Structure formats: structure tokens, C-alpha cells
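Just target-v5.pdb here, PDB, C-alpha atoms:
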```pdb
MODEL        1
ATOM      1  CA  MET A   1     -49.264   0.757  19.406  1.00  0.00           C
ATOM      2  CA  PRO A   2     -45.864  -0.840  20.150  1.00  0.00           C
ATOM      3  CA  ILE A   3     -43.021  -0.762  17.642  1.00  0.00           C
ATOM      4  CA  THR A   4     -41.367  -4.088  16.905  1.00  0.00           C
ATOM      5  CA  PHE A   5     -37.991  -4.699  15.288  1.00  0.00           C
ATOM      6  CA  VAL A   6     -37.047  -8.024  13.782  1.00  0.00           C
ATOM      7  CA  GLN A   7     -33.481  -8.934  12.873  1.00  0.00           C
ATOM      8  CA  ARG A   8     -32.598 -11.945  10.754  1.00  0.00           C
ATOM      9  CA  GLY A   9     -29.212 -13.365   9.994  1.00  0.00           C
ATOM     10  CA  ASN A  10     -26.016 -12.663  11.835  1.00  0.00           C
ATOM     11  CA  PHE A  11     -22.947 -10.501  11.725  1.00  0.00           C
ATOM     12  CA  SER A  12     -20.535 -13.215  10.620  1.00  0.00           C
ATOM     13  CA  LYS A  13     -19.438 -11.304   7.498  1.00  0.00           C
ATOM     14  CA  THR A  14     -18.875  -8.167   9.535  1.00  0.00           C
ATOM     15  CA  PHE A  15     -16.824 -10.035  12.129  1.00  0.00           C
ATOM     16  CA  LYS A  16     -14.843 -11.733   9.367  1.00  0.00           C
ATOM     17  CA  PHE A  17     -14.108  -8.328   7.810  1.00  0.00           C
ATOM     18  CA  PHE A  18     -12.837  -6.897  11.111  1.00  0.00           C
ATOM     19  CA  GLU A  19     -10.709  -9.972  11.818  1.00  0.00           C
ATOM     20  CA  LYS A  20      -9.110  -9.580   8.391  1.00  0.00           C
ATOM     21  CA  CYS A  21      -8.446  -5.890   9.088  1.00  0.00           C
ATOM     22  CA  LYS A  22      -6.881  -6.698  12.434  1.00  0.00           C
ATOM     23  CA  ASN A  23      -4.469  -9.196  10.917  1.00  0.00           C
ATOM     24  CA  LEU A  24      -3.416  -7.151   7.880  1.00  0.00           C
ATOM     25  CA  PHE A  25      -0.585  -5.204   9.397  1.00  0.00           C
ATOM     26  CA  ASN A  26       2.090  -7.170  11.116  1.00  0.00           C
ATOM     27  CA  LEU A  27       4.665  -5.475  13.292  1.00  0.00           C
ATOM     28  CA  GLY A  28       7.235  -5.451  10.483  1.00  0.00           C
ATOM     29  CA  VAL A  29       4.998  -3.332   8.284  1.00  0.00           C
ATOM     30  CA  LEU A  30       4.246  -0.957  11.155  1.00  0.00           C
ATOM     31  CA  ASP A  31       7.940  -0.774  11.948  1.00  0.00           C
ATOM     32  CA  ALA A  32       8.639   0.394   8.387  1.00  0.00           C
ATOM     33  CA  TYR A  33       5.893   3.023   8.665  1.00  0.00           C
ATOM     34  CA  GLY A  34       7.295   4.098  12.015  1.00  0.00           C
ATOM     35  CA  ARG A  35      10.747   4.699  10.552  1.00  0.00           C
ATOM     36  CA  GLU A  36       9.234   6.516   7.575  1.00  0.00           C
ATOM     37  CA  GLY A  37       7.246   8.780   9.903  1.00  0.00           C
ATOM     38  CA  VAL A  38      10.341   9.610  11.964  1.00  0.00           C
ATOM     39  CA  VAL A  39      12.196  10.639   8.803  1.00  0.00           C
ATOM     40  CA  ALA A  40       9.284  12.783   7.595  1.00  0.00           C
ATOM     41  CA  LEU A  41       8.889  14.506  10.963  1.00  0.00           C
ATOM     42  CA  SER A  42      12.633  15.048  11.376  1.00  0.00           C
ATOM     43  CA  GLU A  43      12.908  16.632   7.941  1.00  0.00           C
ATOM     44  CA  ALA A  44       9.894  18.892   8.537  1.00  0.00           C
ATOM     45  CA  THR A  45      10.862  20.079  12.032  1.00  0.00           C
ATOM     46  CA  PRO A  46      12.099  23.687  12.067  1.00  0.00           C
ATOM     47  CA  VAL A  47      15.791  23.699  12.926  1.00  0.00           C
ATOM     48  CA  ARG A  48      17.540  26.053  15.312  1.00  0.00           C
ATOM     49  CA  THR A  49      19.880  23.663  17.094  1.00  0.00           C
ATOM     50  CA  GLY A  50      18.619  20.439  15.462  1.00  0.00           C
ATOM     51  CA  LYS A  51      17.881  18.819  18.814  1.00  0.00           C
ATOM     52  CA  THR A  52      14.084  18.685  18.322  1.00  0.00           C
ATOM     53  CA  ALA A  53      14.433  17.318  14.794  1.00  0.00           C
ATOM     54  CA  ALA A  54      16.794  14.608  16.071  1.00  0.00           C
ATOM     55  CA  SER A  55      14.513  13.667  18.984  1.00  0.00           C
ATOM     56  CA  TRP A  56      11.704  11.969  17.029  1.00  0.00           C
ATOM     57  CA  ARG A  57      10.993   8.283  17.695  1.00  0.00           C
ATOM     58  CA  TYR A  58       8.067   5.898  17.420  1.00  0.00           C
ATOM     59  CA  GLU A  59       6.470   3.215  19.548  1.00  0.00           C
ATOM     60  CA  ILE A  60       4.302   0.311  18.472  1.00  0.00           C
ATOM     61  CA  THR A  61       1.833  -1.034  21.018  1.00  0.00           C
ATOM     62  CA  ASN A  62       0.166  -4.382  20.459  1.00  0.00           C
ATOM     63  CA  ASN A  63      -2.590  -4.939  23.013  1.00  0.00           C
ATOM     64  CA  LYS A  64      -5.359  -7.517  22.821  1.00  0.00           C
ATOM     65  CA  ASN A  65      -7.826  -5.268  20.974  1.00  0.00           C
ATOM     66  CA  GLU A  66      -5.525  -2.579  19.636  1.00  0.00           C
ATOM     67  CA  LEU A  67      -2.504  -2.217  17.412  1.00  0.00           C
ATOM     68  CA  LYS A  68      -1.181   1.319  17.687  1.00  0.00           C
ATOM     69  CA  ILE A  69       1.734   3.324  16.350  1.00  0.00           C
ATOM     70  CA  GLU A  70       2.711   6.616  17.978  1.00  0.00           C
ATOM     71  CA  TRP A  71       5.322   9.172  17.005  1.00  0.00           C
ATOM     72  CA  LEU A  72       6.923  10.885  19.983  1.00  0.00           C
ATOM     73  CA  ASN A  73       9.471  13.622  20.508  1.00  0.00           C
ATOM     74  CA  ASP A  74      11.747  13.518  23.537  1.00  0.00           C
ATOM     75  CA  ASN A  75      13.035  17.100  23.473  1.00  0.00           C
ATOM     76  CA  MET A  76      11.483  18.692  26.560  1.00  0.00           C
ATOM     77  CA  THR A  77      11.713  22.010  28.367  1.00  0.00           C
ATOM     78  CA  LYS A  78      12.875  22.168  31.969  1.00  0.00           C
ATOM     79  CA  ASP A  79       9.174  22.146  32.950  1.00  0.00           C
ATOM     80  CA  GLY A  80       8.522  18.945  30.974  1.00  0.00           C
ATOM     81  CA  ASP A  81       6.749  20.495  27.970  1.00  0.00           C
ATOM     82  CA  CYS A  82       7.421  18.948  24.572  1.00  0.00           C
ATOM     83  CA  ILE A  83       9.251  21.458  22.389  1.00  0.00           C
ATOM     84  CA  ALA A  84       7.887  19.904  19.184  1.00  0.00           C
ATOM     85  CA  ILE A  85       4.339  20.653  20.403  1.00  0.00           C
ATOM     86  CA  LEU A  86       5.321  24.184  21.475  1.00  0.00           C
ATOM     87  CA  ILE A  87       6.633  24.830  17.960  1.00  0.00           C
ATOM     88  CA  GLN A  88       3.450  23.351  16.456  1.00  0.00           C
ATOM     89  CA  MET A  89       0.914  25.090  18.713  1.00  0.00           C
ATOM     90  CA  GLY A  90       2.735  28.280  19.687  1.00  0.00           C
ATOM     91  CA  HIS A  91       3.666  29.371  23.187  1.00  0.00           C
ATOM     92  CA  GLY A  92       4.150  32.271  25.540  1.00  0.00           C
ATOM     93  CA  THR A  93       7.615  33.540  26.394  1.00  0.00           C
ATOM     94  CA  ALA A  94       9.140  34.303  29.782  1.00  0.00           C
ATOM     95  CA  ARG A  95       8.992  38.039  29.005  1.00  0.00           C
ATOM     96  CA  GLY A  96       5.278  38.037  28.232  1.00  0.00           C
ATOM     97  CA  GLY A  97       5.503  37.715  24.464  1.00  0.00           C
ATOM     98  CA  TYR A  98       3.990  35.063  22.241  1.00  0.00           C
ATOM     99  CA  VAL A  99       5.588  32.878  19.586  1.00  0.00           C
ATOM    100  CA  GLN A 100       3.110  31.966  16.847  1.00  0.00           C
ATOM    101  CA  GLY A 101       2.727  28.236  16.183  1.00  0.00           C
ATOM    102  CA  ARG A 102       3.876  26.687  12.936  1.00  0.00           C
ATOM    103  CA  ASP A 103       1.924  23.730  11.540  1.00  0.00           C
ATOM    104  CA  TYR A 104       4.671  21.387  10.417  1.00  0.00           C
ATOM    105  CA  ILE A 105       3.594  18.061  11.940  1.00  0.00           C
ATOM    106  CA  ASN A 106       0.306  17.599  10.072  1.00  0.00           C
ATOM    107  CA  PRO A 107       1.658  18.287   6.562  1.00  0.00           C
ATOM    108  CA  ALA A 108       4.651  16.030   7.240  1.00  0.00           C
ATOM    109  CA  ILE A 109       2.701  13.022   8.516  1.00  0.00           C
ATOM    110  CA  GLN A 110      -0.509  13.258   6.421  1.00  0.00           C
ATOM    111  CA  PRO A 111       1.003  11.637   3.286  1.00  0.00           C
ATOM    112  CA  LEU A 112       2.058   8.675   5.433  1.00  0.00           C
ATOM    113  CA  PHE A 113      -1.459   8.370   6.889  1.00  0.00           C
ATOM    114  CA  ASP A 114      -2.860   8.422   3.340  1.00  0.00           C
ATOM    115  CA  LYS A 115      -0.397   5.723   2.283  1.00  0.00           C
ATOM    116  CA  ILE A 116      -1.355   3.504   5.240  1.00  0.00           C
ATOM    117  CA  ALA A 117      -5.073   3.991   4.563  1.00  0.00           C
ATOM    118  CA  ASP A 118      -4.656   3.204   0.848  1.00  0.00           C
ATOM    119  CA  GLU A 119      -2.680   0.036   1.567  1.00  0.00           C
ATOM    120  CA  LEU A 120      -5.138  -1.108   4.201  1.00  0.00           C
ATOM    121  CA  TRP A 121      -8.115  -0.461   1.937  1.00  0.00           C
ATOM    122  CA  LYS A 122      -6.438  -2.338  -0.906  1.00  0.00           C
ATOM    123  CA  GLU A 123      -5.789  -5.357   1.340  1.00  0.00           C
ATOM    124  CA  VAL A 124      -9.317  -5.379   2.718  1.00  0.00           C
ATOM    125  CA  THR A 125     -11.050  -5.109  -0.643  1.00  0.00           C
ATOM    126  CA  GLU A 126      -8.989  -7.720  -2.461  1.00  0.00           C
TER     127      GLU A 126
ENDMDL
END
```
Could you spell out this file's structure in C-alpha cells?
Amino acid sequence: MPITFVQRGNFSKTFKFFEKCKNLFNLGVLDAYGREGVVALSEATPVRTGKTAASWRYEITNNKNELKIEWLNDNMTKDGDCIAILIQMGHGTARGGYVQGRDYINPAIQPLFDKIADELWKEVTE
């Protein structure tokens, strides 16, 4: 016996919802969040020389189907490894030792993610 599925209606409300979501954040709002994230990450970065803490920046990418904000750190080793990630994840030393990672990125940026999600949800549901 075959199984039959019948669908009635359309997805117009769903598409309308996603269009509204897409248009909620303009670049100015994302720019403010970008600056706020840089401050939070800079303040949370462990300081030896201060170079890693001072090397945070953000980029906003606006493609056809995607609006993205990224926080980046430009302090690199001679081999091209990001020092901020080495501090976060831990790393081996040249003499065979190991430096334990320190989770400082997630606690610093999570409140900002929560703030963005709350604002977005508020805009979508109103």
C-alpha cells in the first residue's frame, strides 16, 4: 500500500519571517556589536606584553544570502599560528613541554552573543 502526503497552503508566512530577520540588523548595528566584542576580547585576553590583547579586530561581511560578523586577532607566531588561539587551546613548547589552554574567549564573547540574540528575538516577535 503506497503512502501519500498532501500539503496545502504555502510558506509565505515563513518566507516573510525570514525576510524580516534578514533585514533587522543593518551594518551600523553590527558595527556597534563589532566594537563591543573587540573591547570585551581585549579586556579578557591574558596580558604578558599586551600585543595579543591589542590585536583584536572585527570584520563584517555582507553577501547575498549572509550577513556575518567575525572577530579576528592579528598577533601571529613566526609560523603563522594565531597566538590568541594558542592561549585559548593550549600549545606545545619548543622544549617539549605543554602550556595548558585558558578559556578566555568564550566567557568574554558569550554575553554579547546573548545580547544580540535577545535583541533579534525582540525585533522578530514584535
Excluding same-chain residues fewer than 4 positions from A:Leu41, what lies within 9 Å of it counting only C-alpha atoms, as a PDB file with C-alpha atoms, in the frame of the given file?
```pdb
ATOM      1  CA  GLU A  36       9.234   6.516   7.575  1.00  0.00           C
ATOM      2  CA  GLY A  37       7.246   8.780   9.903  1.00  0.00           C
ATOM      3  CA  THR A  45      10.862  20.079  12.032  1.00  0.00           C
ATOM      4  CA  ALA A  53      14.433  17.318  14.794  1.00  0.00           C
ATOM      5  CA  TRP A  56      11.704  11.969  17.029  1.00  0.00           C
ATOM      6  CA  TRP A  71       5.322   9.172  17.005  1.00  0.00           C
ATOM      7  CA  TYR A 104       4.671  21.387  10.417  1.00  0.00           C
ATOM      8  CA  ILE A 105       3.594  18.061  11.940  1.00  0.00           C
ATOM      9  CA  ALA A 108       4.651  16.030   7.240  1.00  0.00           C
ATOM     10  CA  ILE A 109       2.701  13.022   8.516  1.00  0.00           C
TER      11      ILE A 109
END
```
Apply the PyMOL selection byres ((chain A and resi 103) around 10) to the structure shown and report the selected residues as a PyMOL selection string.
chain A and resi 44-45+85+87-90+100-102+104-108
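When atom CA of A:Lys20 is paired with atom CA of A:Lys68, their separation reads 16.4 Å.
Atom pair atom CA of A:Thr52 / atom CA of A:Val38 has a distance of 11.7 Å (rounded to one decimal).
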Which polymer residues have any atom within 10 Å of an atom of A:Met76, counting all atoms listed in the file, with same-chain residues fewer than 6 positions away left out, as a VMD selection string?
chain A and resid 52 55 82 to 86
Could you take the residues named above and write them with C-alpha atoms, as a short mmCIF file (atom, residue, chain, number, x, y, z; two decimals), in the frame of the given file?
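Contents of again-v1.cif, as written:
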```cif
data_model
loop_
_atom_site.label_atom_id
_atom_site.label_comp_id
_atom_site.auth_asym_id
_atom_site.auth_seq_id
_atom_site.Cartn_x
_atom_site.Cartn_y
_atom_site.Cartn_z
CA THR A 52 14.08 18.68 18.32
CA SER A 55 14.51 13.67 18.98
CA CYS A 82 7.42 18.95 24.57
CA ILE A 83 9.25 21.46 22.39
CA ALA A 84 7.89 19.90 19.18
CA ILE A 85 4.34 20.65 20.40
CA LEU A 86 5.32 24.18 21.48
#
```
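Considering only C-alpha atoms, the residue among A:Asn10, A:Tyr98, A:Leu120, A:Ser42 positioned nearest to A:Asn73 is A:Ser42.
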Run the PyMOL selection byres ((chain A and resi 61) around 12) mentally over the shown coordinates, then write out the matched residues as an MDAnalysis selection string, using the chain letters and numbers from the document.
chainID A and resid 26:27 30:31 34 58:60 62:71
I need the residue nearest A:Gly50 from this list: A:Gly28, A:Lys122, A:Asn75, A:His91. Use all atoms listed in the file for the distance.
A:Asn75
If I wrap all listed atoms of stretch 4-17 of chain A in a box with edges along x, y and z and add 5 Å on each side, what are its centre and edge lengths in Å to one decimal, as lines of an AutoDock Vina configuration file?
```
center_x = -27.7
center_y = -8.7
center_z = 12.2
size_x = 37.3
size_y = 19.3
size_z = 19.4
```
Separation of atom CA of A:Leu112 from atom CA of A:Glu126, in Å and rounded to one decimal
21.3 Å
